[in-house]
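Data first, discussion second: the structure below is written as structure tokens.
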Amino acid sequence: MNKLRVMLACALVSAAGPLQAEVLTNESVLQLVEVGLGDEAVVAKIGNSENSFDVSTDALIALRKAGLSSAVIAKMIDAGSAPLTKAPSVLSIDSPDPRVPHPAGVYLLADWQDDPKMQVINATTSNQTKTGGFLGYMVTGGLASMSFKTVIPNAQARAKAPVRRPVFYFYFGQPGANGEVGAFWLAGTVSSPAEFSLVQFKVKKDSREAKVGSFNIGGAKSGVMDKDRIPFTYEMVSPGVFKAQPDIDLEAGEYGFLYSSSTGGGPGLSGGGATTARIFDFSVDDGTAGQANKKVS
């Protein structure tokens with residue numbers, strides 16, 4: 001019997017040669033232990049072989065009752081779970097695959113290019129608020145509304161899309177983010193595209209502006225008005241990752257996803273919301289941008 005065990009052990013060891021496409025299972029590990037291989041040899045075998053281990057609670061209990069040592073079982077757990085739990089060590093900034101982890105932020109999918117890629121949209125912070133309609137407000141004794149507009153610098157955005165319904169991806173918290181998510185998304189308070197408004201900007205000589213509030217005798221309204229919002233649809237593609245796309249064709253012009261954190265303020269200012277707005281801006285340019293801007297009120 002001892003001679004038979006030695007022969008079987010030799011056969012199992014020789015099967016681990018480089019030409020064998022062997023996949024270890026719970027049963028094959030039990031066989032190695034039963035023929036008398038020590039823990040050190042079995043652990044080494046597990047570490048250098050492909051595996052298809054069942055490391056569920058019931059399976060581990062069964063292995064222990066069958067006589068496997070804690071050292072062997074621990075190695076099986078480590079080898080069996082590593083491919084499922086190991087987080088990518090490097091985040092991609094331009095991979096077009098939304099399942100690949102990206103740094104937190106908003107991305108424009110440049111799928112019109114021969115080599116599609118994600119284009120990061122850097123946030124622009126608005127620190128200026130303009131008023132409009134003040135004369136009408138004064139003449140009518142507050143019956144006419146006075147508007148408040150958020151202003152961002154430059155006449156055009158850096159990110160440009162030559163399509164009418166561009167695709168965007170929002171990356172919030174996800175595995176591999178290494179803790180930078182909270183800092184980027186205002187201490188982690190933003191978690192969904194539903195907290196953004198898609199707006200079109202009116203282009204000035206060296207700036208862009210959008211209405212973010214109004215004030216009249218009836219009171220103040222904070223945030224982007226419903227009539228000024230451009231509808232868009234979003235869906236979660238994986239935890240912390242959302243795909244978003246406008247519901248309508250966008251005219252050539254300047255646009256942005258606006259998020260404002262209201263921190264209070266005087267009447268009609270849309271509070272601090274207008275002055276602390278973060279805008280992820282982009283251009284739609286199909287050769288008719290000059291015409292499109294004339295239609296923006």
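Naming works like this for the structure tokens: A, B, ... for the chains as they're shown, residue 1 at the start of each chain, ligands 1 onward in shown order.
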
Can you tell me which residues surround region 155-160 of chain A at a distance of at most 8 Å, considering only C-alpha atoms, apart from same-chain residues fewer than 5 positions away, and format the answer as a list in words?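 Non-adjacent residues within range: Leu108, Gln119, Ile121, Val203, Lys204, Lys205, Asp206, Ser207, Arg208, Glu254, Asp281, Phe282, Ser283, Val284 and Asp285 of chain A.
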
Can I get the selected residues back with N, CA and C atoms, as a CSV table (one decimal), in the first residue's frame?
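In the end it all went to out_9.csv:
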```csv
chain,number,residue,atom,x,y,z
A,108,LEU,N,-16.2,62.7,-21.9
A,108,LEU,CA,-16.9,62.7,-23.2
A,108,LEU,C,-16.3,61.5,-24.0
A,119,GLN,N,-12.5,61.3,-23.3
A,119,GLN,CA,-11.9,62.6,-23.1
A,119,GLN,C,-12.3,63.3,-21.8
A,121,ILE,N,-13.3,65.9,-19.1
A,121,ILE,CA,-13.8,67.3,-19.1
A,121,ILE,C,-13.4,67.9,-17.8
A,203,VAL,N,-23.2,82.8,-25.5
A,203,VAL,CA,-21.8,83.2,-25.7
A,203,VAL,C,-21.6,84.7,-25.8
A,204,LYS,N,-20.7,85.2,-25.0
A,204,LYS,CA,-20.3,86.6,-25.1
A,204,LYS,C,-18.9,86.7,-25.7
A,205,LYS,N,-18.3,87.9,-25.7
A,205,LYS,CA,-17.0,88.1,-26.3
A,205,LYS,C,-16.0,87.2,-25.8
A,206,ASP,N,-15.8,87.1,-24.5
A,206,ASP,CA,-14.8,86.3,-23.8
A,206,ASP,C,-15.3,85.5,-22.7
A,207,SER,N,-16.6,85.2,-22.7
A,207,SER,CA,-17.2,84.4,-21.6
A,207,SER,C,-18.5,83.7,-22.1
A,208,ARG,N,-19.0,82.9,-21.2
A,208,ARG,CA,-20.3,82.2,-21.4
A,208,ARG,C,-21.1,82.4,-20.2
A,254,GLU,N,-22.5,76.1,-27.2
A,254,GLU,CA,-21.8,75.8,-25.9
A,254,GLU,C,-22.7,75.3,-24.9
A,281,ASP,N,-18.0,71.7,-19.0
A,281,ASP,CA,-18.5,72.3,-20.3
A,281,ASP,C,-17.9,71.6,-21.5
A,282,PHE,N,-18.7,71.8,-22.6
A,282,PHE,CA,-18.3,71.2,-23.9
A,282,PHE,C,-19.0,71.9,-25.0
A,283,SER,N,-18.4,71.8,-26.2
A,283,SER,CA,-19.0,72.4,-27.4
A,283,SER,C,-19.6,71.4,-28.3
A,284,VAL,N,-20.6,71.7,-29.0
A,284,VAL,CA,-21.1,70.9,-30.1
A,284,VAL,C,-20.9,71.8,-31.3
A,285,ASP,N,-20.0,71.2,-32.2
A,285,ASP,CA,-19.6,72.0,-33.4
A,285,ASP,C,-19.7,71.2,-34.6
```

Two-atom distance - CA of Asp249 (chain A), CA of Arg165 (chain A) (Å):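 Here the two named atoms are 5.5 Å from each other.
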
Let me make sure I understand: among A:Asn51, A:Thr57, A:Thr124, A:Ser92, which one has the smallest atom-to-atom distance to Lys75 (chain A) if we use only C-alpha atoms? A:Asn51

Which residues are close to region 23-30 of chain A, i.e. within 7 Å by only C-alpha atoms, leaving aside same-chain residues fewer than 6 positions away? Reply as a compact mmCIF listing (two decimals) with N, CA and C atoms, in the first residue's frame.
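Output saved as part04.txt:
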```
# COMPACT_ATOMS: atom_id res chain seq x y z
N SER A 49 -0.17 26.76 -9.89
CA SER A 49 -1.13 26.10 -10.78
C SER A 49 -2.38 26.94 -10.96
N GLU A 50 -3.03 26.75 -12.09
CA GLU A 50 -4.37 27.31 -12.28
C GLU A 50 -5.33 26.59 -11.35
N ASN A 51 -6.41 27.24 -10.99
CA ASN A 51 -7.32 26.58 -10.06
C ASN A 51 -8.76 26.93 -10.34
N SER A 52 -9.62 26.08 -9.84
CA SER A 52 -11.06 26.33 -9.86
C SER A 52 -11.62 25.88 -8.53
N PHE A 53 -11.18 26.57 -7.47
CA PHE A 53 -11.54 26.17 -6.12
C PHE A 53 -12.94 26.66 -5.74
N ASP A 54 -13.62 25.82 -4.95
CA ASP A 54 -14.85 26.24 -4.28
C ASP A 54 -14.46 26.60 -2.86
```

Counting only C-alpha atoms, which of A:Thr233, A:Thr150, A:Gln31, A:Gln113 gets nearest to Ser192 (chain A)? A:Thr233

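The smallest atom-to-atom distance between Arg99 (chain A) and any of A:Val33, A:Ala210, A:Met236, A:Val42, using only C-alpha atoms, is found for A:Met236.
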